[in-house]
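Participant: Can you keep this structure in mind? I'll have questions shortly.
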Amino acid sequence: MKYHKILVCSALVAATLPLVNGQAATPPVARELPSAQPLPLSGREPTGAVITIETPQTGAGANSVNTLNPSIQIQGAYQGSTPVGTAAAEPLALTLEDAIKRGIQYNLGSIGASQAVRQARAQRLLAGAQLLPDVAGGLRETVQQIDLATIGLHPNIPIPGFSFPTIVGPFNYFDLRASFTQSFSMTGLRSWRSSQENTRSSELSFKDARQVVTLAVAGSYLQLLASAARIDTARAQIETAQTVYRQAVDRNLSGLNARIDVNRSLVELQTEQQRLTSILNDFEKQKLALARLIGLPMAQRFTLSDTIPYRELPAPNLDDLIQRAFSGRADVQAAATQVKAAELAKKAATSEYYPSLDVAADYGVTGVNPSQSHGTFLATAAVNFPIFRSGRIRASIEQADAALAQRRAEYEDIKAQAEQDVRNAALDAEAASAQVRVAESNRKLAADTLTQARDRFRAGVADTVELVQAQESVATAEQDYINAVFAFNLAQVSLARAMGQTEQGIALLLQGK
């Protein structure tokens, strides 16, 4: 009788354990069917822009010409930076090369582009992980007591003198196991290749962001140089106006001219002083803007170490420059790479119609304790193929095709933009070069006219009206010349940017080539 009790208990426990503890041989759960990763409709990242503008401006003086009014507009993230360091007591001697290096390192547009590269690389890693196996391990120790009635077992065995227990246990066992799962599909492979192209596009966009930052910093530096030249000119005009005013006062005290001549000369002096105040204020604001671009503390004082005079250059070959722009500009290359990524994304979406292969296996040891255990394993392979997915595959293909069409259009647009940038910069450089020559001649004529007017005033054959007009002509001619030189140098930097060679172009500009 005791033997029968043991036998029956053992049989029920053996039948119960797999149901309760999940030790029965069940295949590993297959991973979800692969699906194509949809791309954003546009491959562009609107982080900001840097635009150089040269618009005609009519001079106010009698000898003035219609001059170019150059300016640089910095928008979006490129306006800011992450300030680094503390302000020193001594002014910093800032070269253009140092400013560009700081801008590339600390400008917010450059930083954002570098973080976008990190994000794209992470997405590529994630897409690649879908092609690699998943291997996991686990150790489980279980101690359990079972109420047979809770799982639907009501043993009623008619054995005289024996009452079967309704509670089994407590008992224990352990399970040490490693599992392996792997999925193979054309969708996953093409999605990974698409993510590779996206990563390359982000890297090219970062390279283009460096070019944009370089253009922003160089343009701002050139603008500061022009403002510094205007300050020197304004101070020279003040000295001239002070001399004329003293002469007018002396002549008035001597009875050689009327009080109105003194008043005119004083008005001219105060006008030049007001002009200097305005230029100084604008100069300090431009310095703050440059400090923001390159991550300098706002309280840090600095001076400009470089000077970039006008150097006449031969007319460029436009066709050659345009071809160099197509092959050298990082944004054009990034747009081409975005097209490749979209083509692969569409192929990945089409591949959802194809079968996929899933492989799963596990191996482990199970028993009451390590000395009383035995190895168990399971291996499965399955081919999965779609039969009906409610139009989801077709929707993925349509979405990928729309992104492809958009990115092809953007690629053609950026090529046209590159050509327009080259042509605009070349036209600006040609016009500015001509303006420099005219402005240089005007400077000489205005200076000679002022000398004659002063001689005539001292000789008493002219009043201050002629002298003030001559002073204004000199001031206007100087401003025209400064604007023309600034416009020419800015056009050279813009032309280098248009060809994707901003840093090299600035290096050549500093060398005078």
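Letters A, B, ... go to the chains of the structure tokens in the order shown; residues in each chain start at 1; ligands are counted from 1 in the same order.
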What's the 6 Å shell around segment 209-211 of chain A, counting only C-alpha atoms, without same-chain residues fewer than 4 positions away, as an MDAnalysis selection string?

Facilitator: chainID A and resid 104 110 502

Participant: Include N, CA and C atoms and write out the residues we just selected as a CSV table (one decimal), in the first residue's frame.

Facilitator:
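Printed below is out-v3.csv as written:
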```
chain,number,residue,atom,x,y,z
A,104,ILE,N,34.0,77.2,-35.2
A,104,ILE,CA,33.7,75.8,-35.6
A,104,ILE,C,33.6,75.0,-34.3
A,110,SER,N,27.2,74.6,-35.4
A,110,SER,CA,28.2,73.5,-35.6
A,110,SER,C,28.0,72.4,-34.6
A,502,THR,N,35.4,77.2,-48.3
A,502,THR,CA,35.4,78.5,-47.5
A,502,THR,C,36.7,78.6,-46.8
```

Participant: Hey, what does DSSP flag as strand (DSSP E or B) within segment 318-412 of chain A? Can you give it to me as a PDB file with N, CA and C atoms, in the first residue's frame?

Facilitator:
```pdb
ATOM      1  N   SER A 356      10.678  35.955 -44.723  1.00  0.00           N
ATOM      2  CA  SER A 356      11.781  36.147 -43.788  1.00  0.00           C
ATOM      3  C   SER A 356      12.013  34.843 -43.039  1.00  0.00           C
ATOM      4  N   LEU A 357      13.229  34.675 -42.552  1.00  0.00           N
ATOM      5  CA  LEU A 357      13.618  33.445 -41.858  1.00  0.00           C
ATOM      6  C   LEU A 357      13.930  33.773 -40.409  1.00  0.00           C
ATOM      7  N   ASP A 358      13.328  33.024 -39.496  1.00  0.00           N
ATOM      8  CA  ASP A 358      13.594  33.163 -38.068  1.00  0.00           C
ATOM      9  C   ASP A 358      14.197  31.876 -37.546  1.00  0.00           C
ATOM     10  N   VAL A 359      15.274  31.992 -36.799  1.00  0.00           N
ATOM     11  CA  VAL A 359      15.941  30.851 -36.180  1.00  0.00           C
ATOM     12  C   VAL A 359      16.009  31.108 -34.680  1.00  0.00           C
ATOM     13  N   ALA A 360      15.649  30.077 -33.899  1.00  0.00           N
ATOM     14  CA  ALA A 360      15.682  30.222 -32.442  1.00  0.00           C
ATOM     15  C   ALA A 360      16.170  28.921 -31.831  1.00  0.00           C
ATOM     16  N   ALA A 361      16.932  29.051 -30.767  1.00  0.00           N
ATOM     17  CA  ALA A 361      17.445  27.866 -30.077  1.00  0.00           C
ATOM     18  C   ALA A 361      17.751  28.218 -28.638  1.00  0.00           C
ATOM     19  N   ASP A 362      17.708  27.190 -27.776  1.00  0.00           N
ATOM     20  CA  ASP A 362      18.177  27.388 -26.409  1.00  0.00           C
ATOM     21  C   ASP A 362      18.782  26.087 -25.896  1.00  0.00           C
ATOM     22  N   TYR A 363      19.638  26.239 -24.929  1.00  0.00           N
ATOM     23  CA  TYR A 363      20.261  25.085 -24.277  1.00  0.00           C
ATOM     24  C   TYR A 363      20.474  25.438 -22.816  1.00  0.00           C
ATOM     25  N   GLY A 364      20.188  24.420 -21.962  1.00  0.00           N
ATOM     26  CA  GLY A 364      20.377  24.651 -20.540  1.00  0.00           C
ATOM     27  C   GLY A 364      20.372  23.349 -19.771  1.00  0.00           C
ATOM     28  N   VAL A 365      20.542  23.470 -18.476  1.00  0.00           N
ATOM     29  CA  VAL A 365      20.483  22.315 -17.578  1.00  0.00           C
ATOM     30  C   VAL A 365      19.407  22.586 -16.541  1.00  0.00           C
ATOM     31  N   THR A 366      18.655  21.524 -16.230  1.00  0.00           N
ATOM     32  CA  THR A 366      17.542  21.628 -15.288  1.00  0.00           C
ATOM     33  C   THR A 366      17.600  20.449 -14.328  1.00  0.00           C
ATOM     34  N   GLY A 367      17.284  20.702 -13.092  1.00  0.00           N
ATOM     35  CA  GLY A 367      17.252  19.629 -12.108  1.00  0.00           C
ATOM     36  C   GLY A 367      16.955  20.163 -10.723  1.00  0.00           C
ATOM     37  N   VAL A 368      16.958  19.224  -9.759  1.00  0.00           N
ATOM     38  CA  VAL A 368      16.707  19.618  -8.371  1.00  0.00           C
ATOM     39  C   VAL A 368      17.882  20.434  -7.836  1.00  0.00           C
ATOM     40  N   ASN A 369      19.097  20.056  -8.217  1.00  0.00           N
ATOM     41  CA  ASN A 369      20.301  20.782  -7.851  1.00  0.00           C
ATOM     42  C   ASN A 369      21.345  20.493  -8.926  1.00  0.00           C
ATOM     43  N   GLN A 372      22.222  16.937  -9.579  1.00  0.00           N
ATOM     44  CA  GLN A 372      21.146  16.097 -10.101  1.00  0.00           C
ATOM     45  C   GLN A 372      20.433  16.867 -11.210  1.00  0.00           C
ATOM     46  N   SER A 373      21.140  17.156 -12.287  1.00  0.00           N
ATOM     47  CA  SER A 373      20.574  17.929 -13.394  1.00  0.00           C
ATOM     48  C   SER A 373      20.897  17.241 -14.713  1.00  0.00           C
ATOM     49  N   HIS A 374      20.211  17.697 -15.739  1.00  0.00           N
ATOM     50  CA  HIS A 374      20.401  17.126 -17.059  1.00  0.00           C
ATOM     51  C   HIS A 374      20.225  18.221 -18.099  1.00  0.00           C
ATOM     52  N   GLY A 375      20.978  18.114 -19.186  1.00  0.00           N
ATOM     53  CA  GLY A 375      20.884  19.113 -20.241  1.00  0.00           C
ATOM     54  C   GLY A 375      19.602  18.980 -21.056  1.00  0.00           C
ATOM     55  N   THR A 376      19.032  20.117 -21.407  1.00  0.00           N
ATOM     56  CA  THR A 376      17.863  20.161 -22.294  1.00  0.00           C
ATOM     57  C   THR A 376      18.115  21.213 -23.362  1.00  0.00           C
ATOM     58  N   PHE A 377      17.576  21.043 -24.535  1.00  0.00           N
ATOM     59  CA  PHE A 377      17.767  22.019 -25.604  1.00  0.00           C
ATOM     60  C   PHE A 377      16.560  22.013 -26.526  1.00  0.00           C
ATOM     61  N   LEU A 378      16.484  23.081 -27.322  1.00  0.00           N
ATOM     62  CA  LEU A 378      15.405  23.225 -28.297  1.00  0.00           C
ATOM     63  C   LEU A 378      15.929  24.065 -29.445  1.00  0.00           C
ATOM     64  N   ALA A 379      15.662  23.691 -30.671  1.00  0.00           N
ATOM     65  CA  ALA A 379      16.055  24.456 -31.848  1.00  0.00           C
ATOM     66  C   ALA A 379      14.897  24.477 -32.831  1.00  0.00           C
ATOM     67  N   THR A 380      14.568  25.665 -33.316  1.00  0.00           N
ATOM     68  CA  THR A 380      13.480  25.801 -34.285  1.00  0.00           C
ATOM     69  C   THR A 380      13.913  26.752 -35.390  1.00  0.00           C
ATOM     70  N   ALA A 381      13.336  26.561 -36.551  1.00  0.00           N
ATOM     71  CA  ALA A 381      13.519  27.467 -37.682  1.00  0.00           C
ATOM     72  C   ALA A 381      12.174  27.643 -38.349  1.00  0.00           C
ATOM     73  N   ALA A 382      11.881  28.887 -38.743  1.00  0.00           N
ATOM     74  CA  ALA A 382      10.576  29.157 -39.347  1.00  0.00           C
ATOM     75  C   ALA A 382      10.737  30.148 -40.485  1.00  0.00           C
ATOM     76  N   VAL A 383       9.992  29.892 -41.545  1.00  0.00           N
ATOM     77  CA  VAL A 383       9.917  30.821 -42.669  1.00  0.00           C
ATOM     78  C   VAL A 383       8.563  31.516 -42.583  1.00  0.00           C
ATOM     79  N   ASN A 384       8.614  32.851 -42.489  1.00  0.00           N
ATOM     80  CA  ASN A 384       7.389  33.633 -42.388  1.00  0.00           C
ATOM     81  C   ASN A 384       7.181  34.416 -43.679  1.00  0.00           C
TER      82      ASN A 384
END
```

Participant: Per residue of segment 119-207 of chain A within 12 Å of segment 392-414 of chain A, record the nearest atom pair and its distance in Å to one decimal, counting only C-alpha atoms, with rows in chain order and ascending residue number, as CSV.

Facilitator:
```
residue,atom,partner,partner_atom,distance
A:Thr187,CA,A:Ile393,CA,11.3
A:Ser191,CA,A:Ala400,CA,11.5
A:Ser194,CA,A:Ala400,CA,11.5
```

Participant: Restricted to N, CA and C atoms, what would the selected residues look like written as a PDB file, in the first residue's frame?

Facilitator:
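That gives us result.pdb:
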```
ATOM      1  N   THR A 187      14.254  43.165 -46.013  1.00  0.00           N
ATOM      2  CA  THR A 187      13.819  44.459 -45.483  1.00  0.00           C
ATOM      3  C   THR A 187      14.822  44.993 -44.467  1.00  0.00           C
ATOM      4  N   SER A 191      17.107  48.314 -44.998  1.00  0.00           N
ATOM      5  CA  SER A 191      16.927  49.391 -44.028  1.00  0.00           C
ATOM      6  C   SER A 191      18.268  49.778 -43.402  1.00  0.00           C
ATOM      7  N   SER A 194      20.163  51.786 -45.914  1.00  0.00           N
ATOM      8  CA  SER A 194      19.598  53.127 -45.957  1.00  0.00           C
ATOM      9  C   SER A 194      20.098  53.974 -44.784  1.00  0.00           C
TER      10      SER A 194
END
```

Participant: What does the distance between atom CA of Gly169 of chain A and atom CA of Gly138 of chain A come to in Å, to one decimal place?

Facilitator: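 Between atom CA of Gly169 of chain A and atom CA of Gly138 of chain A the gap is 24.5 Å.
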
Participant: For Leu176 of chain A, which residue among A:Leu266, A:Ala218, A:Ala234, A:Leu139 is the nearest when counting only C-alpha atoms?

Facilitator: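 Among A:Leu266, A:Ala218, A:Ala234, A:Leu139, it is A:Leu139 that comes nearest to Leu176 of chain A.
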
Participant: Which neighbours of segment 289-292 of chain A fall inside 12 Å, counting only C-alpha atoms, when residues of the same chain fewer than 6 positions from it are skipped, and could you give them as a PyMOL selection string?

Facilitator: chain A and resi 72-74+77-84+87+92+94+96+99-100+102-103+106-109+213-214+216-225+282-283+298-304

Participant: Using only N, CA and C atoms, please write the residues we just selected to a file, as a CSV table (one decimal), in the first residue's frame.

Facilitator:
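Wrote it out as part_31.csv, contents follow:
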```
chain,number,residue,atom,x,y,z
A,72,ILE,N,25.9,90.9,-44.0
A,72,ILE,CA,25.9,89.5,-43.8
A,72,ILE,C,24.7,89.2,-42.8
A,73,GLN,N,23.8,88.4,-43.1
A,73,GLN,CA,22.7,88.0,-42.3
A,73,GLN,C,22.9,86.6,-41.7
A,74,ILE,N,22.9,86.5,-40.4
A,74,ILE,CA,23.1,85.2,-39.7
A,74,ILE,C,21.8,84.9,-39.0
A,77,ALA,N,20.3,78.9,-35.5
A,77,ALA,CA,21.3,78.5,-34.5
A,77,ALA,C,22.7,79.1,-34.7
A,78,TYR,N,23.0,79.5,-35.9
A,78,TYR,CA,24.3,80.0,-36.2
A,78,TYR,C,24.6,81.4,-35.5
A,79,GLN,N,23.5,82.0,-35.0
A,79,GLN,CA,23.7,83.2,-34.2
A,79,GLN,C,24.3,83.0,-32.8
A,80,GLY,N,24.2,81.8,-32.3
A,80,GLY,CA,24.5,81.6,-30.9
A,80,GLY,C,25.7,80.7,-30.8
A,81,SER,N,26.1,80.4,-29.5
A,81,SER,CA,27.3,79.6,-29.2
A,81,SER,C,27.2,79.2,-27.7
A,82,THR,N,28.1,78.4,-27.3
A,82,THR,CA,28.3,78.0,-25.9
A,82,THR,C,29.6,78.8,-25.4
A,83,PRO,N,29.4,79.9,-24.7
A,83,PRO,CA,30.6,80.6,-24.2
A,83,PRO,C,31.5,79.7,-23.4
A,84,VAL,N,32.8,79.8,-23.6
A,84,VAL,CA,33.8,79.0,-22.9
A,84,VAL,C,34.9,80.0,-22.4
A,87,ALA,N,36.4,86.0,-18.8
A,87,ALA,CA,37.0,87.2,-19.4
A,87,ALA,C,38.3,87.6,-18.7
A,92,LEU,N,42.1,90.7,-25.8
A,92,LEU,CA,42.5,89.5,-26.6
A,92,LEU,C,42.8,90.0,-28.1
A,94,LEU,N,42.7,89.1,-31.5
A,94,LEU,CA,42.0,88.0,-32.2
A,94,LEU,C,42.3,88.1,-33.7
A,96,LEU,N,41.7,86.3,-37.6
A,96,LEU,CA,40.6,85.7,-38.3
A,96,LEU,C,40.7,84.2,-38.2
A,99,ALA,N,39.5,83.1,-34.8
A,99,ALA,CA,38.0,83.3,-34.7
A,99,ALA,C,37.3,82.2,-35.4
A,100,ILE,N,37.8,81.8,-36.5
A,100,ILE,CA,37.1,80.7,-37.3
A,100,ILE,C,37.2,79.4,-36.5
A,102,ARG,N,37.5,79.0,-33.3
A,102,ARG,CA,36.6,79.0,-32.1
A,102,ARG,C,35.1,78.9,-32.6
A,103,GLY,N,34.8,79.5,-33.7
A,103,GLY,CA,33.5,79.3,-34.2
A,103,GLY,C,33.1,77.9,-34.6
A,106,TYR,N,32.7,76.1,-31.1
A,106,TYR,CA,31.7,76.5,-30.1
A,106,TYR,C,30.4,77.0,-30.6
A,107,ASN,N,30.3,77.3,-31.9
A,107,ASN,CA,29.1,77.8,-32.5
A,107,ASN,C,28.0,76.8,-32.4
A,108,LEU,N,26.8,77.3,-32.1
A,108,LEU,CA,25.6,76.4,-31.8
A,108,LEU,C,25.2,75.6,-33.1
A,109,GLY,N,25.3,76.2,-34.2
A,109,GLY,CA,25.0,75.5,-35.5
A,109,GLY,C,25.9,74.4,-35.7
A,213,VAL,N,29.5,78.1,-40.7
A,213,VAL,CA,30.1,78.8,-39.6
A,213,VAL,C,31.3,79.7,-40.0
A,214,THR,N,32.1,79.1,-40.9
A,214,THR,CA,33.3,79.9,-41.4
A,214,THR,C,32.9,81.1,-42.1
A,216,ALA,N,30.1,82.7,-41.7
A,216,ALA,CA,29.5,83.7,-40.7
A,216,ALA,C,30.6,84.4,-40.0
A,217,VAL,N,31.6,83.7,-39.5
A,217,VAL,CA,32.6,84.3,-38.7
A,217,VAL,C,33.5,85.2,-39.6
A,218,ALA,N,33.8,84.8,-40.8
A,218,ALA,CA,34.7,85.6,-41.7
A,218,ALA,C,33.9,86.9,-42.1
A,219,GLY,N,32.6,86.7,-42.5
A,219,GLY,CA,31.8,87.9,-42.8
A,219,GLY,C,31.7,88.9,-41.7
A,220,SER,N,31.5,88.4,-40.5
A,220,SER,CA,31.4,89.3,-39.3
A,220,SER,C,32.8,90.0,-39.1
A,221,TYR,N,33.9,89.2,-39.2
A,221,TYR,CA,35.2,89.8,-39.0
A,221,TYR,C,35.5,90.9,-40.1
A,222,LEU,N,35.2,90.6,-41.3
A,222,LEU,CA,35.3,91.6,-42.4
A,222,LEU,C,34.5,92.9,-42.1
A,223,GLN,N,33.3,92.6,-41.6
A,223,GLN,CA,32.4,93.7,-41.3
A,223,GLN,C,33.0,94.6,-40.2
A,224,LEU,N,33.6,93.9,-39.2
A,224,LEU,CA,34.3,94.7,-38.1
A,224,LEU,C,35.5,95.5,-38.7
A,225,LEU,N,36.2,94.9,-39.6
A,225,LEU,CA,37.3,95.6,-40.2
A,225,LEU,C,36.9,96.9,-40.9
A,282,ASP,N,27.8,101.2,-33.3
A,282,ASP,CA,27.6,100.0,-34.1
A,282,ASP,C,28.7,99.1,-34.1
A,283,PHE,N,30.0,99.6,-34.0
A,283,PHE,CA,31.2,98.8,-33.9
A,283,PHE,C,31.2,97.9,-32.7
A,298,MET,N,31.0,87.5,-23.1
A,298,MET,CA,30.5,88.8,-23.5
A,298,MET,C,31.4,90.0,-22.9
A,299,ALA,N,32.0,89.7,-21.7
A,299,ALA,CA,32.8,90.8,-21.1
A,299,ALA,C,34.3,90.8,-21.6
A,300,GLN,N,34.6,89.8,-22.5
A,300,GLN,CA,36.0,89.8,-23.0
A,300,GLN,C,36.2,90.8,-24.1
A,301,ARG,N,37.2,91.7,-23.8
A,301,ARG,CA,37.5,92.7,-24.8
A,301,ARG,C,38.5,92.1,-25.8
A,302,PHE,N,38.5,92.5,-27.0
A,302,PHE,CA,39.4,92.0,-28.0
A,302,PHE,C,39.6,93.0,-29.1
A,303,THR,N,40.8,92.8,-29.8
A,303,THR,CA,41.1,93.7,-30.9
A,303,THR,C,41.3,92.8,-32.1
A,304,LEU,N,41.2,93.4,-33.3
A,304,LEU,CA,41.4,92.6,-34.5
A,304,LEU,C,42.8,92.7,-35.0
```

Participant: Would you kindly return, as JSON, numbers by chain, each protein, DNA or RNA residue with an atom no farther than 8 Å from any atom of Ser71 of chain A, considering only C-alpha atoms and excluding same-chain residues fewer than 6 positions away?

Facilitator: {"A": [52, 53, 54, 223]}

Participant: Using Å and a single decimal, report how far atom CA of Leu215 of chain A sits from atom CA of Arg437 of chain A.

Facilitator: 25.6 Å

Participant: Per DSSP on the backbone, filter segment 347-383 of chain A down to the residues in helix (DSSP H, G or I) and report them as JSON, numbers by chain.

Facilitator: {"A": [347, 348, 349, 350, 351, 352, 353]}

Participant: Would you mind exporting the chosen residues as an mmCIF file, in the first residue's frame, restricted to N, CA and C atoms?

Facilitator:
```cif
data_model
loop_
_atom_site.group_PDB
_atom_site.id
_atom_site.type_symbol
_atom_site.label_atom_id
_atom_site.label_comp_id
_atom_site.auth_asym_id
_atom_site.auth_seq_id
_atom_site.Cartn_x
_atom_site.Cartn_y
_atom_site.Cartn_z
ATOM 1 N N LYS A 347 13.199 50.350 -51.478
ATOM 2 C CA LYS A 347 13.450 48.918 -51.690
ATOM 3 C C LYS A 347 13.165 48.115 -50.427
ATOM 4 N N ALA A 348 13.490 48.703 -49.273
ATOM 5 C CA ALA A 348 13.189 48.009 -48.014
ATOM 6 C C ALA A 348 11.692 47.833 -47.829
ATOM 7 N N ALA A 349 10.925 48.867 -48.187
ATOM 8 C CA ALA A 349 9.467 48.759 -48.072
ATOM 9 C C ALA A 349 8.921 47.702 -49.027
ATOM 10 N N THR A 350 9.462 47.647 -50.251
ATOM 11 C CA THR A 350 9.027 46.621 -51.212
ATOM 12 C C THR A 350 9.386 45.226 -50.719
ATOM 13 N N SER A 351 10.498 45.104 -50.001
ATOM 14 C CA SER A 351 10.940 43.800 -49.516
ATOM 15 C C SER A 351 10.041 43.218 -48.433
ATOM 16 N N GLU A 352 9.110 44.002 -47.918
ATOM 17 C CA GLU A 352 8.173 43.441 -46.939
ATOM 18 C C GLU A 352 7.295 42.357 -47.549
ATOM 19 N N TYR A 353 7.198 42.335 -48.885
ATOM 20 C CA TYR A 353 6.459 41.259 -49.548
ATOM 21 C C TYR A 353 7.233 39.936 -49.502
#
```

Participant: Closest to Asp175 of chain A among A:Asn483, A:Arg190, A:Pro370, A:Gln323, using only C-alpha atoms?

Facilitator: A:Pro370

Participant: If I take atom CA of Phe385 of chain A and atom CA of Gln130 of chain A, how far is one from the other in Å, to one decimal?

Facilitator: 17.8 Å
